[in-house]
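Here is the file upload-v6.cif (mmCIF, C-alpha atoms).
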data_run
#
loop_
_atom_site.group_PDB
_atom_site.id
_atom_site.type_symbol
_atom_site.label_atom_id
_atom_site.label_comp_id
_atom_site.auth_asym_id
_atom_site.auth_seq_id
_atom_site.Cartn_x
_atom_site.Cartn_y
_atom_site.Cartn_z
ATOM 1 C CA ASN A 13 3.055 -54.817 -49.865
ATOM 2 C CA ARG A 14 -0.093 -54.022 -47.887
ATOM 3 C CA ASP A 15 1.542 -52.005 -45.103
ATOM 4 C CA ILE A 16 -0.151 -48.757 -44.055
ATOM 5 C CA VAL A 17 1.832 -46.435 -41.778
ATOM 6 C CA VAL A 18 -0.204 -43.874 -39.822
ATOM 7 C CA VAL A 19 1.469 -40.922 -38.093
ATOM 8 C CA ALA A 20 -0.803 -39.300 -35.488
ATOM 9 C CA GLU A 21 -1.510 -38.984 -31.779
ATOM 10 C CA ASP A 22 -5.145 -40.130 -31.933
ATOM 11 C CA LEU A 23 -5.440 -43.118 -34.238
ATOM 12 C CA SER A 24 -8.698 -44.712 -33.105
ATOM 13 C CA ASP A 25 -11.101 -43.529 -35.838
ATOM 14 C CA LEU A 26 -8.735 -44.104 -38.747
ATOM 15 C CA THR A 27 -7.451 -47.472 -37.601
ATOM 16 C CA ASN A 28 -10.995 -48.676 -36.961
ATOM 17 C CA TYR A 29 -11.827 -47.812 -40.569
ATOM 18 C CA LEU A 30 -8.704 -49.410 -42.048
ATOM 19 C CA SER A 31 -8.949 -52.536 -39.904
ATOM 20 C CA ASN A 32 -11.933 -53.649 -41.990
ATOM 21 C CA GLU A 33 -9.659 -54.108 -44.994
ATOM 22 C CA GLN A 34 -8.402 -57.678 -45.275
ATOM 23 C CA LYS A 35 -4.681 -58.475 -45.572
ATOM 24 C CA LEU A 36 -3.790 -54.956 -44.455
ATOM 25 C CA LYS A 37 -1.052 -54.385 -41.882
ATOM 26 C CA ILE A 38 -1.457 -51.106 -40.003
ATOM 27 C CA HIS A 39 1.591 -49.584 -38.321
ATOM 28 C CA CYS A 40 0.843 -46.745 -35.912
ATOM 29 C CA LEU A 41 3.701 -44.340 -35.282
ATOM 30 C CA GLU A 42 3.099 -42.077 -32.300
ATOM 31 C CA LYS A 43 6.730 -41.150 -31.643
ATOM 32 C CA ASN A 44 8.203 -37.948 -33.062
ATOM 33 C CA PRO A 45 8.694 -38.927 -36.732
ATOM 34 C CA THR A 46 10.833 -35.883 -37.530
ATOM 35 C CA ASN A 47 13.619 -37.555 -35.569
ATOM 36 C CA PRO A 48 15.935 -39.122 -38.204
ATOM 37 C CA LYS A 49 16.216 -42.308 -36.128
ATOM 38 C CA VAL A 50 12.436 -42.719 -36.200
ATOM 39 C CA LEU A 51 12.136 -41.913 -39.916
ATOM 40 C CA ASP A 52 13.201 -45.457 -40.851
ATOM 41 C CA GLU A 53 10.049 -46.797 -39.193
ATOM 42 C CA LEU A 54 7.917 -45.139 -41.878
ATOM 43 C CA LYS A 55 8.830 -47.884 -44.391
ATOM 44 C CA ILE A 56 9.288 -45.207 -47.047
ATOM 45 C CA GLY A 57 10.549 -47.605 -49.677
ATOM 46 C CA SER A 58 7.914 -50.302 -49.329
ATOM 47 C CA ALA A 59 4.728 -49.229 -47.497
ATOM 48 C CA GLN A 60 1.585 -49.061 -49.621
ATOM 49 C CA THR A 61 0.705 -45.701 -48.061
ATOM 50 C CA ILE A 62 2.014 -43.323 -45.406
ATOM 51 C CA ILE A 63 -0.739 -41.261 -43.747
ATOM 52 C CA LEU A 64 0.200 -37.974 -42.070
ATOM 53 C CA LEU A 65 -2.375 -36.425 -39.751
ATOM 54 C CA PRO A 66 -2.198 -32.959 -38.102
ATOM 55 C CA HIS A 67 -0.543 -32.539 -34.729
ATOM 56 C CA GLU A 68 -3.417 -32.412 -32.225
ATOM 57 C CA GLY A 69 -3.371 -29.546 -29.745
ATOM 58 C CA ALA A 70 -0.940 -27.444 -31.768
ATOM 59 C CA GLY A 71 -3.537 -24.856 -32.818
ATOM 60 C CA GLU A 72 -2.494 -22.762 -35.799
ATOM 61 C CA ARG A 73 0.778 -24.691 -35.990
ATOM 62 C CA ALA A 74 -1.009 -28.030 -36.407
ATOM 63 C CA ASP A 75 0.249 -28.476 -39.963
ATOM 64 C CA GLU A 76 3.917 -27.648 -39.348
ATOM 65 C CA ARG A 77 4.978 -31.202 -38.497
ATOM 66 C CA THR A 78 3.042 -32.627 -41.456
ATOM 67 C CA ILE A 79 4.765 -30.258 -43.899
ATOM 68 C CA ARG A 80 8.212 -30.846 -42.404
ATOM 69 C CA LEU A 81 7.737 -34.598 -42.438
ATOM 70 C CA ALA A 82 6.518 -34.581 -46.055
ATOM 71 C CA PHE A 83 9.749 -32.857 -47.085
ATOM 72 C CA GLN A 84 11.836 -35.327 -45.055
ATOM 73 C CA ILE A 85 10.059 -38.303 -46.617
ATOM 74 C CA GLN A 86 10.736 -36.884 -50.059
ATOM 75 C CA GLN A 87 14.439 -36.416 -49.308
ATOM 76 C CA ALA A 88 14.657 -40.029 -48.138
ATOM 77 C CA ALA A 89 12.730 -41.231 -51.210
ATOM 78 C CA VAL A 90 15.111 -39.450 -53.588
ATOM 79 C CA SER A 91 18.032 -41.129 -51.822
ATOM 80 C CA LEU A 92 16.389 -44.569 -52.056
ATOM 81 C CA ALA A 93 15.557 -44.028 -55.735
ATOM 82 C CA ALA A 94 19.194 -43.211 -56.464
ATOM 83 C CA LYS A 95 20.135 -46.573 -54.922
ATOM 84 C CA ASN A 96 17.442 -48.400 -56.936
ATOM 85 C CA VAL A 97 15.822 -49.764 -53.771
ATOM 86 C CA LEU A 98 12.518 -47.899 -54.031
ATOM 87 C CA GLN A 99 9.465 -49.890 -55.096
ATOM 88 C CA ALA A 100 7.544 -48.542 -58.101
ATOM 89 C CA GLY A 101 5.022 -45.866 -57.156
ATOM 90 C CA ARG A 102 6.482 -45.427 -53.686
ATOM 91 C CA PRO A 103 6.196 -43.519 -51.503
ATOM 92 C CA HIS A 104 2.483 -42.847 -51.650
ATOM 93 C CA VAL A 105 1.777 -40.204 -49.005
ATOM 94 C CA VAL A 106 -1.651 -38.951 -47.927
ATOM 95 C CA ALA A 107 -1.369 -35.767 -45.848
ATOM 96 C CA GLU A 108 -4.227 -34.065 -44.032
ATOM 97 C CA VAL A 109 -3.849 -30.356 -43.303
ATOM 98 C CA ARG A 110 -6.053 -28.093 -41.243
ATOM 99 C CA TYR A 111 -5.581 -24.895 -43.201
ATOM 100 C CA ARG A 112 -6.062 -24.319 -46.936
ATOM 101 C CA ALA A 113 -2.998 -22.106 -47.238
ATOM 102 C CA ASN A 114 -0.812 -25.109 -46.448
ATOM 103 C CA VAL A 115 -2.249 -27.112 -49.344
ATOM 104 C CA ASP A 116 -0.282 -24.933 -51.772
ATOM 105 C CA VAL A 117 2.964 -25.646 -49.916
ATOM 106 C CA LEU A 118 2.592 -29.401 -50.262
ATOM 107 C CA GLU A 119 1.237 -29.288 -53.814
ATOM 108 C CA HIS A 120 4.258 -27.194 -54.818
ATOM 109 C CA LEU A 121 6.505 -29.930 -53.401
ATOM 110 C CA ALA A 122 4.657 -32.566 -55.436
ATOM 111 C CA LYS A 123 5.146 -30.560 -58.647
ATOM 112 C CA THR A 124 8.928 -30.225 -58.358
ATOM 113 C CA GLU A 125 10.837 -31.900 -61.190
ATOM 114 C CA SER A 126 12.770 -34.214 -58.872
ATOM 115 C CA PHE A 127 9.696 -35.381 -56.939
ATOM 116 C CA VAL A 128 9.479 -39.125 -56.348
ATOM 117 C CA GLY A 129 6.260 -41.048 -55.645
ATOM 118 C CA GLU A 130 2.834 -39.531 -55.096
ATOM 119 C CA LEU A 131 1.572 -36.985 -52.575
ATOM 120 C CA GLU A 132 -2.154 -36.463 -52.012
ATOM 121 C CA VAL A 133 -3.281 -33.562 -49.837
ATOM 122 C CA VAL A 134 -6.628 -33.439 -48.055
ATOM 123 C CA ALA A 135 -7.686 -30.071 -46.593
ATOM 124 C CA GLU A 136 -10.025 -30.657 -43.677
ATOM 125 C CA ASP A 137 -11.841 -27.325 -43.858
ATOM 126 C CA ARG A 138 -12.092 -27.286 -47.658
ATOM 127 C CA SER A 139 -13.556 -30.790 -47.821
ATOM 128 C CA ILE A 140 -16.175 -30.066 -45.161
ATOM 129 C CA ILE A 141 -17.184 -26.757 -46.744
ATOM 130 C CA ARG A 142 -17.650 -28.414 -50.132
ATOM 131 C CA MET A 143 -19.807 -31.195 -48.698
ATOM 132 C CA VAL A 144 -21.945 -28.723 -46.755
ATOM 133 C CA ALA A 145 -22.389 -26.572 -49.876
ATOM 134 C CA GLN A 146 -23.350 -29.584 -52.013
ATOM 135 C CA THR A 147 -25.828 -30.783 -49.391
ATOM 136 C CA SER A 148 -27.421 -27.352 -49.081
ATOM 137 C CA LEU A 149 -28.048 -27.301 -52.840
ATOM 138 C CA ASN A 150 -29.143 -30.942 -52.998
ATOM 139 C CA PRO A 151 -31.027 -31.943 -49.825
ATOM 140 C CA GLY A 152 -30.403 -35.566 -48.903
ATOM 141 C CA LEU A 153 -26.783 -35.736 -50.106
ATOM 142 C CA ALA A 154 -25.518 -36.000 -46.527
ATOM 143 C CA GLY A 155 -26.789 -39.567 -46.515
ATOM 144 C CA VAL A 156 -24.975 -40.254 -49.790
ATOM 145 C CA PHE A 157 -21.661 -38.934 -48.420
ATOM 146 C CA SER A 158 -22.149 -40.946 -45.234
ATOM 147 C CA ASP A 159 -22.782 -44.160 -47.157
ATOM 148 C CA LEU A 160 -19.788 -43.665 -49.479
ATOM 149 C CA LEU A 161 -17.369 -42.809 -46.687
ATOM 150 C CA SER A 162 -18.474 -45.451 -44.190
ATOM 151 C CA VAL A 163 -17.186 -48.983 -43.925
ATOM 152 C CA SER A 164 -20.291 -51.086 -44.234
ATOM 153 C CA GLU A 165 -21.957 -53.654 -46.443
ATOM 154 C CA SER A 166 -22.494 -50.976 -49.096
ATOM 155 C CA SER A 167 -20.203 -50.209 -52.034
ATOM 156 C CA GLU A 168 -17.083 -48.039 -51.920
ATOM 157 C CA LEU A 169 -14.973 -46.103 -54.448
ATOM 158 C CA TYR A 170 -11.987 -47.733 -56.145
ATOM 159 C CA LEU A 171 -9.431 -46.852 -58.834
ATOM 160 C CA VAL A 172 -8.679 -49.590 -61.364
ATOM 161 C CA LYS A 173 -6.191 -49.396 -64.218
ATOM 162 C CA VAL A 174 -7.876 -50.012 -67.566
ATOM 163 C CA PRO A 175 -6.535 -52.742 -69.895
ATOM 164 C CA GLU A 176 -4.275 -51.402 -72.657
ATOM 165 C CA THR A 177 -6.730 -52.721 -75.232
ATOM 166 C CA ALA A 178 -9.342 -50.255 -73.917
ATOM 167 C CA SER A 179 -7.240 -47.283 -75.072
ATOM 168 C CA GLY A 180 -9.056 -45.177 -77.646
ATOM 169 C CA GLN A 181 -12.555 -46.138 -76.533
ATOM 170 C CA LEU A 182 -15.004 -43.442 -75.475
ATOM 171 C CA PHE A 183 -15.571 -43.330 -71.730
ATOM 172 C CA ARG A 184 -19.328 -43.398 -72.207
ATOM 173 C CA SER A 185 -19.136 -46.514 -74.403
ATOM 174 C CA TYR A 186 -16.611 -48.239 -72.191
ATOM 175 C CA ALA A 187 -18.650 -47.446 -69.071
ATOM 176 C CA THR A 188 -21.637 -49.143 -70.686
ATOM 177 C CA ARG A 189 -19.494 -52.202 -71.421
ATOM 178 C CA ILE A 190 -18.213 -52.297 -67.833
ATOM 179 C CA ILE A 191 -21.772 -52.375 -66.505
ATOM 180 C CA ALA A 192 -22.854 -55.059 -68.979
ATOM 181 C CA GLU A 193 -19.762 -57.268 -69.323
ATOM 182 C CA SER A 194 -17.577 -57.047 -66.217
ATOM 183 C CA THR A 195 -16.979 -60.191 -64.226
ATOM 184 C CA ASN A 196 -17.390 -60.183 -60.421
ATOM 185 C CA GLY A 197 -19.557 -57.047 -60.639
ATOM 186 C CA PRO A 198 -21.758 -55.133 -60.592
ATOM 187 C CA PHE A 199 -19.479 -52.121 -61.033
ATOM 188 C CA LEU A 200 -20.610 -48.543 -61.646
ATOM 189 C CA PRO A 201 -18.069 -46.385 -63.584
ATOM 190 C CA LEU A 202 -17.948 -42.762 -62.415
ATOM 191 C CA GLY A 203 -14.941 -41.180 -64.113
ATOM 192 C CA VAL A 204 -11.312 -41.265 -65.227
ATOM 193 C CA ARG A 205 -8.018 -40.589 -63.439
ATOM 194 C CA ARG A 206 -5.013 -39.632 -65.569
ATOM 195 C CA TYR A 207 -1.388 -38.616 -65.003
ATOM 196 C CA LEU A 208 -0.822 -35.189 -66.562
ATOM 197 C CA SER A 209 2.113 -32.786 -66.271
ATOM 198 C CA GLY A 210 3.552 -34.413 -63.179
ATOM 199 C CA ARG A 211 0.319 -34.947 -61.235
ATOM 200 C CA TYR A 212 -2.864 -36.998 -61.265
ATOM 201 C CA VAL A 213 -6.101 -35.405 -62.462
ATOM 202 C CA THR A 214 -9.543 -36.948 -61.976
ATOM 203 C CA ARG A 215 -12.605 -36.156 -64.045
ATOM 204 C CA CYS A 216 -15.980 -37.583 -63.031
ATOM 205 C CA ASN A 217 -18.565 -38.077 -65.767
ATOM 206 C CA PRO A 218 -16.381 -36.588 -68.548
ATOM 207 C CA GLN A 219 -18.377 -34.781 -71.219
ATOM 208 C CA PRO A 220 -18.000 -35.433 -74.998
ATOM 209 C CA ASN A 221 -15.896 -32.274 -75.543
ATOM 210 C CA ASP A 222 -13.515 -33.194 -72.697
ATOM 211 C CA ASP A 223 -10.105 -34.809 -73.352
ATOM 212 C CA PHE A 224 -11.015 -37.321 -70.647
ATOM 213 C CA SER A 225 -13.962 -38.555 -72.719
ATOM 214 C CA THR A 226 -11.574 -40.879 -74.572
ATOM 215 C CA ILE A 227 -9.700 -43.576 -72.636
ATOM 216 C CA GLN A 228 -5.905 -43.416 -72.896
ATOM 217 C CA ALA A 229 -3.221 -45.961 -72.055
ATOM 218 C CA GLY A 230 -2.378 -45.780 -68.357
ATOM 219 C CA ASP A 231 -5.758 -44.342 -67.322
ATOM 220 C CA GLU A 232 -7.605 -45.549 -64.255
ATOM 221 C CA ILE A 233 -11.364 -45.877 -64.014
ATOM 222 C CA VAL A 234 -13.183 -44.626 -60.916
ATOM 223 C CA LEU A 235 -15.532 -47.435 -59.921
ATOM 224 C CA LEU A 236 -18.240 -47.820 -57.313
ATOM 225 C CA ALA A 237 -18.143 -51.462 -56.237
ATOM 226 C CA LEU A 238 -18.866 -53.722 -53.289
ATOM 227 C CA ASP A 239 -15.356 -55.250 -53.343
ATOM 228 C CA LYS A 240 -12.124 -54.001 -54.882
ATOM 229 C CA PRO A 241 -12.124 -54.845 -58.612
ATOM 230 C CA GLN A 242 -9.033 -55.877 -60.576
ATOM 231 C CA SER A 243 -8.029 -54.897 -64.107
ATOM 232 C CA ALA A 244 -8.820 -58.446 -65.205
ATOM 233 C CA ASP A 245 -12.445 -57.869 -64.171
ATOM 234 C CA LEU A 246 -12.842 -55.141 -66.815
ATOM 235 C CA PRO A 247 -13.703 -55.743 -70.486
ATOM 236 C CA THR A 248 -10.902 -55.364 -73.045
#
Could I get this file's structure written as structure tokens?
Amino acid sequence: NRDIVVVAEDLSDLTNYLSNEQKLKIHCLEKNPTNPKVLDELKIGSAQTIILLPHEGAGERADERTIRLAFQIQQAAVSLAAKNVLQAGRPHVVAEVRYRANVDVLEHLAKTESFVGELEVVAEDRSIIRMVAQTSLNPGLAGVFSDLLSVSESSELYLVKVPETASGQLFRSYATRIIAESTNGPFLPLGVRRYLSGRYVTRCNPQPNDDFSTIQAGDEIVLLALDKPQSADLPT
């Protein structure tokens, strides 16, 4: 299912970005989603992703609705899972918060034993500060960030599950094989994403003494590519 549900008042920038993706259905929900009658419109059991953006004009309380809605989505997901009507990996929720203190609240929810699906939290101020700091130390990186995060004819970042037969190979060796052998490339491997202790952890350019330096079953490779690669495009 390629449905993306976006909850926000101002949807123009995000929908313009997503509209470039083919075969993607974007559903914009501008009504009050904390109303139980509206909650069904979020397609919790089937949507590829549910995006929660801060409540504009709410000042310091901008994140309150996002946090409340994340908890409501999780309650609904647990109920759907109990009825065996929840698609695998659903719901996948991406929540943007304005204030770093609220990241801990949502990450705590995602770490609870009964949590269903995946919750990714993006802190607006933290992300900007990190990019500014990186650019100040490495002049010219602003152009790199702009190219990576823009929808254009350039390449973008993707996560691709590695074939089971790749388990046990060193990341460095497998990355070399991806560059040399992959079909429909070129692809540039950047790192590994792994599910650990109830959450996903990503390591870019893992070093030889890092546990991520060896590919494990279920890992995903972070790839820079022009078009979205598939597992079948990777060497075994």
message: Just want the 9 Å neighbourhood of segment 240-248 of chain A, counted on only C-alpha atoms, with same-chain residues fewer than 4 positions away dropped. Output as an MDAnalysis selection string.
response: chainID A and resid 168:178 186 189:190 193:197 199 235
field: Distance in Å - atom CA of Asn217 of chain A versus atom CA of Met143 of chain A
entry: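 Taking atom CA of Asn217 of chain A and atom CA of Met143 of chain A, their separation equals 18.4 Å.
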task: Taking the file as shown, find all residues satisfying the PyMOL selection byres ((chain A and resi 92) around 12) and write them as a ChimeraX atom specification.
output: /A:52,55-58,85-91,93-100,102-103,128-129
- request: Mind giving me the straight-line distance from atom CA of Ala145 of chain A to atom CA of Leu238 of chain A in Å, one decimal?
  value: 27.6 Å
query: Counting all atoms listed in the file, which of A:Gly180, A:Pro66, A:Gly210, A:Gly230 gets nearest to Ile79 of chain A?
result: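 Smallest distance to Ile79 of chain A is found for A:Pro66.
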message: For a quick check of understanding, using all atoms listed in the file, which of A:Ala237, A:Arg211, A:Leu160, A:Phe183 has the smallest distance to Ser225 of chain A?
response: A:Phe183
query: So what does the PyMOL selection byres ((chain A and resi 133-138) around 7) actually pick up in this one, as a list in words?
result: Val106, Ala107, Glu108, Val109, Arg110, Tyr111, Arg112, Val115, Leu131, Glu132, Ser139, Ile140, Ile141 and Arg142 of chain A
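The list of residues with at least one atom within 9 Å of Cys216 of chain A, based on all atoms listed in the file and without residues fewer than 2 positions apart in the same chain, reads Leu202, Gly203, Val204, Arg205, Thr214, Pro218, Gln219 and Val234 of chain A.
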- prompt: Pick from A:Ala229, A:Val144, A:Leu65, A:Leu236: nearest to Leu161 of chain A, with only C-alpha atoms counted?
  reply: A:Leu236
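Going from atom CA of His39 of chain A to atom CA of Ile62 of chain A covers 9.5 Å.
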